[in-house]
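Chemist: My questions all concern the structure below.
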Amino acid sequence: MDFLDEVKSWNLLCQKAFQEDNYPYPELEEIGKTIAKKCNGLPLAIVVISGLLANSNTTLEHWESVANNINSFSNLEYSDRCLKILSLSYDNLPIHLKPCFLYMRMFPEDDEIKVSKLIKLWIAEGFLKPLRAKTMEEVAEEYLENLIDRRLILVPKWDYGGKKAKTCIIHDLLRDLCLRQSRKECLICVPKAQCIEWDRRGRYLCFLRSSLLNEDQRMDLPEVEVASQSTSLASLLVCENCRIMYPNLIRLRLLRVKALNYGDVDIDLQHPTKLRYLNMSKGMDLNFESPSTISLLWNLQTLTLSLPFRVNLPSEIWDMPQLRHLIGGGSVVLPHPVVTQDSMIMENLQTLGTFQNFRFTIDVLDRVPNLKKLGIVPPDKGSSEKDVSLLANITFPTSLKKLSLSNCCIPWEEMTVFGSVLPNLEKLKLHFNAFKGPEWSPVEGQFPRLKVLIIFNSDLVWWRVESIHFPNLERLHLEYLQCLEEITSGIGDIPTLLSIDLWKCSDSSVNLAKQILEGQQSFENETLQLYVDQEQVVSVTQ
């Protein structure tokens with residue numbers, strides 16, 4: 001690690017705390033330089049302390065307190081001194097942010113974490129304080145932004161507008177701080193999240209986190225017998241990380257869910273009864289026993305199935321009132337719900353996708369009134385059903401904000417139907433000829449709120465698009481459009497457009513995109529950015 005001198009330490013503190021080289025509070029400059037000096041040239045310590053100062057009172061008394069605290073660590077060894085300095089930021093965190101920060105210890109070192117996954121886990125663990133005017137996901141985003149502002153969480157990847165983090169990481173020393181503090185504070189008593197992987201090599205995996213361990217790392221945990229409501233003991237593998245994180249693990253109660261794999265071999269899945277987040281990935285196909293006990297996981301909010309082979313979900317999946325996100329990997333078959341007078345309304349369900357050959361009929365629409373994200377793929381190639389019929393009679397909820405379609409082969413002329421019934425759509429993904437044909441001529445008023453449009457692997461040749469067709473578009477991503485010959489220049493006149501991203505597209509489309517960029521630059525529009533095969537085009541001569 002390179003240590004900074006006093007001048008560079010002070011400059012770094014100013015840049016990180018106030019986003020400028022010059023200090024905006026002259027009366028605190030002297031004590032600010034003292035704080036920077038006391039960090040002994042440690043870049044991470046300076047960055048984290050700058051986050052603390054930026055989010056605290058700009059009073060002489062408070063800053064002197066920070067300086068005195070740092071000074072009291074001066075006789076410690078390097079690693080202990082650095083951890084003590086970092087702990088100052090943790091000690092000054094609002095109480096509602098502390099469990100969110102400590103939870104970061106659950107991820108491996110140097111792991112780049114998807115923000116969407118992290119938010120679901122925070123919600124599952126019950127870390128968030130619900131607000132009337134905001135969804136739990138919006139509250140979680142605010143919590144994350146606060147931790148980022150305090151420099152306790154780093155962001156390697158932002159969205160194209162640079163407004164929201166797409167992935168995040170935590171520095172190794174900050175993770176060590178999480179480990180130490182978790183041993184002192186029992187903020188999470190029992191697990192509410194479970195990530196299951198199947199290892200074909202027969203290695204031993206923790207039943208909660210799927211981390212590798214030894215066969216002797218077992219615990220006997222009580223398992224509920226559904227029929228008799230009695231309990232028996234199940235011997236399960238538990239890693240040391242989970243034992244530390246969940247001090248009351250021995251009190252955990254388990255629910256057994258039965259399934260069959262491709263060889264009709266019984267599989268017993270043990271889940272904590274209070275589970276809220278479940279991710280199954282890798283290894284095998286899965287057919288749940290019917291009737292299934294999975295609906296007895298009454299608190300489950302997120303179910304993600306990232307399995308490479310076919311998965312058949314049980315009909316009981318429609319009887320889980322707390323479910324917010326039901327996510328398949330394209331090979332998952334979701335049964336059509338049985339409609340009765342007593343059918344449960346799944347008011348919390350926001351995400352449904354991506355599922356094979358699922359018919360979103362009016363009956364389904366009535367069951368999921370608040371759906372915001374939907375993904376659909378057609379039947380597999382062995383099905384005799386024609387692709388077009390898949391969406392012929394589909395009913396889309398007007399609440400939808402994100403829609404993903406793949407392999408549907410719908411004529412582009414039918415796009416007018418979709419646009420007219422999706423007034424709130426903000427993100428549209430069209431994969432593998434979701435729409436088919438050589439020409440797409442959009443109609444004004446179809447997508448008034450669309451911000452992101454992604455088209456992947458299409459036979460589209462002529463796209464006659466103008467600014468009035470997508471008045472709020474921010475990001476356009478085209479990938480493997482090797483037949484595309486025409487994009488009208490009017491798309492560059494969309495005032496909100498931030499980026500055009502082409503990947504493995506035709507030379508004609510690349511040249512047209514460069515002309516659009518040149519035209520916008522001639523009008524001194526420096527906002528629009530063009531990327532070709534992941535390289536930014538700054539000048540049209542590139």
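Identifiers for the structure tokens are assigned positionally: chains receive A, B, ... in sequence, residues are indexed from 1 per chain, and ligands are indexed from 1 in the order shown.
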Write down as a ChimeraX atom specification the residues belonging to segment 167-360 of chain A that are assigned helix (DSSP H, G or I) by DSSP computed on the backbone.

Modeler: /A:172-184,240-245,249-251,293-296,315-319

Chemist: List the neighbours of Tyr277 of chain A out to 7 Å using only C-alpha atoms; skip same-chain residues closer than 5 positions along the sequence, and give me the result as a PyMOL selection string.

Modeler: chain A and resi 121+124+192-194+300-303

Chemist: With only C-alpha atoms as the basis for distance, which of A:Val190, A:Leu313, A:Leu128, A:Val224 is at the shortest distance from Pro291 of chain A?

Modeler: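 The shortest atom-to-atom distance to Pro291 of chain A comes from A:Leu313.
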
Chemist: List every residue of segment 51-81 of chain A that has an atom at most 7 Å from any atom of segment 33-47 of chain A, and for each one report the closest atom pair and its distance in Å to one decimal, counting only C-alpha atoms, with rows sorted by chain and then by increasing residue number, as CSV.

Modeler:
residue,atom,partner,partner_atom,distance
A:Gly51,CA,A:Val47,CA,6.4
A:Ala67,CA,A:Ile35,CA,5.2
A:Ile70,CA,A:Lys38,CA,6.4
A:Asn71,CA,A:Lys38,CA,6.3

Chemist: Please write the residues from the selection above to a file, keeping C-alpha atoms, as a PDB file, in the first residue's frame.

Modeler:
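Contents of the output file out_0.pdb:
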ATOM      1  CA  GLY A  51     -17.399  10.169   4.594  1.00  0.00           C
ATOM      2  CA  ALA A  67      -9.333  14.436  15.858  1.00  0.00           C
ATOM      3  CA  ILE A  70      -7.995   9.407  15.990  1.00  0.00           C
ATOM      4  CA  ASN A  71      -5.078  10.687  18.086  1.00  0.00           C
TER       5      ASN A  71
END

Chemist: Extract, using only C-alpha atoms, all DNA, RNA and protein residues at most 8 Å from segment 181-187 of chain A, discarding same-chain residues fewer than 5 positions from it, and format them as an MDAnalysis selection string.

Modeler: chainID A and resid 99 102 244:247

Chemist: Got a sec: who's within 10 Å of Glu215 of chain A, counting only C-alpha atoms, leaving out chain neighbours fewer than 4 positions off, as a list in words?

Modeler: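 Once the nearby chain positions are removed, what remains is Arg203, Tyr204, Leu205, Cys206, Leu236, Leu237 and Val238 of chain A.
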
Chemist: Output N, CA and C atoms of each residue in that selection to a file, as a PDB file, in the first residue's frame.

Modeler:
ATOM      1  N   ARG A 203     -19.158 -32.508  -2.931  1.00  0.00           N
ATOM      2  CA  ARG A 203     -18.475 -31.803  -1.850  1.00  0.00           C
ATOM      3  C   ARG A 203     -19.486 -31.333  -0.809  1.00  0.00           C
ATOM      4  N   TYR A 204     -18.978 -31.088   0.395  1.00  0.00           N
ATOM      5  CA  TYR A 204     -19.839 -30.691   1.502  1.00  0.00           C
ATOM      6  C   TYR A 204     -20.068 -29.178   1.480  1.00  0.00           C
ATOM      7  N   LEU A 205     -21.340 -28.781   1.519  1.00  0.00           N
ATOM      8  CA  LEU A 205     -21.706 -27.370   1.443  1.00  0.00           C
ATOM      9  C   LEU A 205     -22.606 -27.002   2.608  1.00  0.00           C
ATOM     10  N   CYS A 206     -22.433 -25.764   3.085  1.00  0.00           N
ATOM     11  CA  CYS A 206     -23.299 -25.239   4.140  1.00  0.00           C
ATOM     12  C   CYS A 206     -24.739 -25.169   3.612  1.00  0.00           C
ATOM     13  N   LEU A 236     -27.409 -31.201   9.797  1.00  0.00           N
ATOM     14  CA  LEU A 236     -27.102 -30.388   8.620  1.00  0.00           C
ATOM     15  C   LEU A 236     -25.727 -29.740   8.754  1.00  0.00           C
ATOM     16  N   LEU A 237     -25.113 -29.489   7.606  1.00  0.00           N
ATOM     17  CA  LEU A 237     -23.806 -28.838   7.563  1.00  0.00           C
ATOM     18  C   LEU A 237     -23.979 -27.329   7.720  1.00  0.00           C
ATOM     19  N   VAL A 238     -23.210 -26.748   8.634  1.00  0.00           N
ATOM     20  CA  VAL A 238     -23.290 -25.306   8.890  1.00  0.00           C
ATOM     21  C   VAL A 238     -21.870 -24.750   8.977  1.00  0.00           C
TER      22      VAL A 238
END

Chemist: If we count only C-alpha atoms and set the cut-off at 12 Å, which residues sit around Asp199 of chain A, ignoring sequence neighbours fewer than 3 positions away in its own chain? Please answer as a list in words.

Modeler: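 Selected residues are Ile196, Gly202, Arg203, Tyr204, Leu205, Cys206, Phe207, Ser210, Ser211, Leu212, Met280, Ser281, Lys282, Gly283 and Met284 of chain A.
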
Chemist: Find the residues around segment 368-378 of chain A up to 8 Å (only C-alpha atoms counted), leave out those fewer than 6 positions away in its own chain, and share them as a PDB file with N, CA and C atoms, in the first residue's frame.

Modeler:
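selection08.pdb written:
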ATOM      1  N   GLY A 330     -35.707 -18.893 -17.111  1.00  0.00           N
ATOM      2  CA  GLY A 330     -36.052 -19.192 -18.501  1.00  0.00           C
ATOM      3  C   GLY A 330     -36.420 -20.640 -18.722  1.00  0.00           C
ATOM      4  N   ILE A 345     -55.277 -13.119  -3.308  1.00  0.00           N
ATOM      5  CA  ILE A 345     -54.773 -11.967  -4.049  1.00  0.00           C
ATOM      6  C   ILE A 345     -53.351 -11.684  -3.552  1.00  0.00           C
ATOM      7  N   MET A 346     -52.382 -11.784  -4.447  1.00  0.00           N
ATOM      8  CA  MET A 346     -50.974 -11.597  -4.074  1.00  0.00           C
ATOM      9  C   MET A 346     -50.601 -10.132  -4.269  1.00  0.00           C
ATOM     10  N   GLU A 347     -51.006  -9.329  -3.320  1.00  0.00           N
ATOM     11  CA  GLU A 347     -50.839  -7.881  -3.434  1.00  0.00           C
ATOM     12  C   GLU A 347     -49.389  -7.439  -3.376  1.00  0.00           C
ATOM     13  N   ASN A 348     -48.510  -8.254  -2.780  1.00  0.00           N
ATOM     14  CA  ASN A 348     -47.106  -7.860  -2.624  1.00  0.00           C
ATOM     15  C   ASN A 348     -46.241  -8.229  -3.823  1.00  0.00           C
ATOM     16  N   LEU A 349     -46.755  -9.066  -4.725  1.00  0.00           N
ATOM     17  CA  LEU A 349     -45.929  -9.556  -5.824  1.00  0.00           C
ATOM     18  C   LEU A 349     -45.609  -8.429  -6.810  1.00  0.00           C
ATOM     19  N   GLN A 350     -44.306  -8.167  -7.000  1.00  0.00           N
ATOM     20  CA  GLN A 350     -43.848  -7.116  -7.899  1.00  0.00           C
ATOM     21  C   GLN A 350     -43.146  -7.664  -9.134  1.00  0.00           C
ATOM     22  N   THR A 351     -42.441  -8.812  -8.967  1.00  0.00           N
ATOM     23  CA  THR A 351     -41.637  -9.370 -10.052  1.00  0.00           C
ATOM     24  C   THR A 351     -42.106 -10.778 -10.371  1.00  0.00           C
ATOM     25  N   LEU A 352     -42.301 -11.049 -11.660  1.00  0.00           N
ATOM     26  CA  LEU A 352     -42.694 -12.377 -12.120  1.00  0.00           C
ATOM     27  C   LEU A 352     -41.944 -12.649 -13.421  1.00  0.00           C
ATOM     28  N   GLY A 353     -40.886 -13.428 -13.349  1.00  0.00           N
ATOM     29  CA  GLY A 353     -40.148 -13.708 -14.573  1.00  0.00           C
ATOM     30  C   GLY A 353     -38.781 -14.315 -14.292  1.00  0.00           C
ATOM     31  N   THR A 354     -38.148 -14.992 -15.235  1.00  0.00           N
ATOM     32  CA  THR A 354     -38.669 -15.221 -16.587  1.00  0.00           C
ATOM     33  C   THR A 354     -39.193 -16.661 -16.644  1.00  0.00           C
ATOM     34  N   PHE A 355     -40.432 -16.868 -17.102  1.00  0.00           N
ATOM     35  CA  PHE A 355     -41.052 -18.185 -17.060  1.00  0.00           C
ATOM     36  C   PHE A 355     -41.453 -18.644 -18.452  1.00  0.00           C
ATOM     37  N   GLN A 356     -41.422 -19.969 -18.603  1.00  0.00           N
ATOM     38  CA  GLN A 356     -41.652 -20.579 -19.902  1.00  0.00           C
ATOM     39  C   GLN A 356     -43.139 -20.814 -20.147  1.00  0.00           C
ATOM     40  N   ASN A 357     -43.604 -20.286 -21.280  1.00  0.00           N
ATOM     41  CA  ASN A 357     -44.961 -20.559 -21.753  1.00  0.00           C
ATOM     42  C   ASN A 357     -46.022 -20.203 -20.713  1.00  0.00           C
ATOM     43  N   PHE A 358     -45.799 -19.109 -20.000  1.00  0.00           N
ATOM     44  CA  PHE A 358     -46.780 -18.703 -18.997  1.00  0.00           C
ATOM     45  C   PHE A 358     -47.793 -17.750 -19.630  1.00  0.00           C
ATOM     46  N   ASP A 387     -45.316 -19.990 -31.732  1.00  0.00           N
ATOM     47  CA  ASP A 387     -44.810 -18.915 -30.898  1.00  0.00           C
ATOM     48  C   ASP A 387     -45.783 -17.745 -30.823  1.00  0.00           C
ATOM     49  N   LEU A 390     -48.508 -17.554 -28.207  1.00  0.00           N
ATOM     50  CA  LEU A 390     -48.121 -17.375 -26.811  1.00  0.00           C
ATOM     51  C   LEU A 390     -48.651 -16.068 -26.245  1.00  0.00           C
ATOM     52  N   PRO A 397     -50.684  -6.084 -17.122  1.00  0.00           N
ATOM     53  CA  PRO A 397     -51.100  -5.138 -16.083  1.00  0.00           C
ATOM     54  C   PRO A 397     -50.572  -3.743 -16.388  1.00  0.00           C
ATOM     55  N   SER A 399     -49.741  -1.600 -14.409  1.00  0.00           N
ATOM     56  CA  SER A 399     -48.745  -1.210 -13.406  1.00  0.00           C
ATOM     57  C   SER A 399     -47.325  -1.573 -13.815  1.00  0.00           C
ATOM     58  N   LEU A 400     -47.161  -2.340 -14.892  1.00  0.00           N
ATOM     59  CA  LEU A 400     -45.837  -2.828 -15.290  1.00  0.00           C
ATOM     60  C   LEU A 400     -44.862  -1.679 -15.553  1.00  0.00           C
ATOM     61  N   LYS A 401     -43.653  -1.831 -14.976  1.00  0.00           N
ATOM     62  CA  LYS A 401     -42.574  -0.878 -15.241  1.00  0.00           C
ATOM     63  C   LYS A 401     -41.445  -1.515 -16.047  1.00  0.00           C
ATOM     64  N   LYS A 402     -41.310  -2.852 -15.951  1.00  0.00           N
ATOM     65  CA  LYS A 402     -40.249  -3.555 -16.679  1.00  0.00           C
ATOM     66  C   LYS A 402     -40.842  -4.779 -17.354  1.00  0.00           C
ATOM     67  N   LEU A 403     -40.507  -4.969 -18.626  1.00  0.00           N
ATOM     68  CA  LEU A 403     -41.014  -6.107 -19.389  1.00  0.00           C
ATOM     69  C   LEU A 403     -39.871  -6.713 -20.192  1.00  0.00           C
ATOM     70  N   SER A 404     -39.762  -8.053 -20.116  1.00  0.00           N
ATOM     71  CA  SER A 404     -38.746  -8.779 -20.871  1.00  0.00           C
ATOM     72  C   SER A 404     -39.422  -9.877 -21.684  1.00  0.00           C
ATOM     73  N   LEU A 405     -39.185  -9.880 -22.989  1.00  0.00           N
ATOM     74  CA  LEU A 405     -39.742 -10.893 -23.881  1.00  0.00           C
ATOM     75  C   LEU A 405     -38.602 -11.542 -24.659  1.00  0.00           C
ATOM     76  N   SER A 406     -38.722 -12.866 -24.882  1.00  0.00           N
ATOM     77  CA  SER A 406     -37.655 -13.578 -25.578  1.00  0.00           C
ATOM     78  C   SER A 406     -38.250 -14.653 -26.492  1.00  0.00           C
ATOM     79  N   ASN A 407     -37.727 -14.735 -27.730  1.00  0.00           N
ATOM     80  CA  ASN A 407     -38.081 -15.819 -28.648  1.00  0.00           C
ATOM     81  C   ASN A 407     -39.560 -15.887 -29.001  1.00  0.00           C
ATOM     82  N   CYS A 408     -40.264 -14.784 -28.906  1.00  0.00           N
ATOM     83  CA  CYS A 408     -41.711 -14.809 -29.140  1.00  0.00           C
ATOM     84  C   CYS A 408     -42.080 -14.678 -30.626  1.00  0.00           C
TER      85      CYS A 408
END

Chemist: Report as a PyMOL selection string: the residues of segment 121-247 of chain A with a DSSP assignment of strand (DSSP E or B), based on the backbone of this structure.

Modeler: chain A and resi 154-158+165-169+193-197+205+212+218-224+231-237

Chemist: Quick one: of A:Gln534, A:Ser499, A:Ser331, A:Asn261, who's nearest to Arg310 of chain A, counting only C-alpha atoms?

Modeler: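 So, comparing all the options, the nearest one is A:Ser331.
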
Chemist: Skipping near chain neighbours, those fewer than 3 positions away, what residues fall within 7 Å of segment 431-439 of chain A using only C-alpha atoms, listed as JSON, numbers by chain?

Modeler: {"A": [405, 406, 407, 408, 409, 410, 411, 412, 455, 456, 457, 458, 459, 460, 461, 462, 463]}

Chemist: Those selected residues, please, written with C-alpha atoms and delivered as a PDB file, in the first residue's frame.

Modeler:
ATOM      1  CA  LEU A 405     -39.742 -10.893 -23.881  1.00  0.00           C
ATOM      2  CA  SER A 406     -37.655 -13.578 -25.578  1.00  0.00           C
ATOM      3  CA  ASN A 407     -38.081 -15.819 -28.648  1.00  0.00           C
ATOM      4  CA  CYS A 408     -41.711 -14.809 -29.140  1.00  0.00           C
ATOM      5  CA  CYS A 409     -41.411 -13.965 -32.896  1.00  0.00           C
ATOM      6  CA  ILE A 410     -44.266 -11.461 -32.796  1.00  0.00           C
ATOM      7  CA  PRO A 411     -44.569  -9.231 -35.899  1.00  0.00           C
ATOM      8  CA  TRP A 412     -43.333  -5.673 -35.311  1.00  0.00           C
ATOM      9  CA  ILE A 455     -32.887  -5.134 -28.341  1.00  0.00           C
ATOM     10  CA  PHE A 456     -30.764  -8.285 -28.549  1.00  0.00           C
ATOM     11  CA  ASN A 457     -30.345 -10.562 -31.565  1.00  0.00           C
ATOM     12  CA  SER A 458     -33.022  -9.361 -33.960  1.00  0.00           C
ATOM     13  CA  ASP A 459     -33.488  -9.524 -37.742  1.00  0.00           C
ATOM     14  CA  LEU A 460     -34.623  -5.876 -37.811  1.00  0.00           C
ATOM     15  CA  VAL A 461     -33.437  -4.013 -40.935  1.00  0.00           C
ATOM     16  CA  TRP A 462     -35.200  -0.621 -40.922  1.00  0.00           C
ATOM     17  CA  TRP A 463     -36.045   1.167 -37.703  1.00  0.00           C
TER      18      TRP A 463
END

Chemist: Just the number, please: distance in Å from atom CA of Leu83 of chain A to atom CA of Lys98 of chain A, one decimal.

Modeler: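 So the two atoms, atom CA of Leu83 of chain A and atom CA of Lys98 of chain A, lie 16.2 Å apart.
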
Chemist: Using only C-alpha atoms, which residues of segment 450-483 of chain A come within 12 Å of segment 152-166 of chain A, and what is the closest atom pair for each, with the distance in Å to one decimal? Give it as JSON lines, sorted by chain and residue number.

Modeler:
{"residue": "A:Lys451", "atom": "CA", "partner": "A:Gly161", "partner_atom": "CA", "distance": 10.6}
{"residue": "A:Val452", "atom": "CA", "partner": "A:Tyr160", "partner_atom": "CA", "distance": 9.9}
{"residue": "A:Leu473", "atom": "CA", "partner": "A:Gly161", "partner_atom": "CA", "distance": 11.5}
{"residue": "A:Glu474", "atom": "CA", "partner": "A:Gly161", "partner_atom": "CA", "distance": 7.7}
{"residue": "A:Arg475", "atom": "CA", "partner": "A:Tyr160", "partner_atom": "CA", "distance": 7.1}
{"residue": "A:Leu476", "atom": "CA", "partner": "A:Tyr160", "partner_atom": "CA", "distance": 10.0}
{"residue": "A:His477", "atom": "CA", "partner": "A:Tyr160", "partner_atom": "CA", "distance": 10.5}
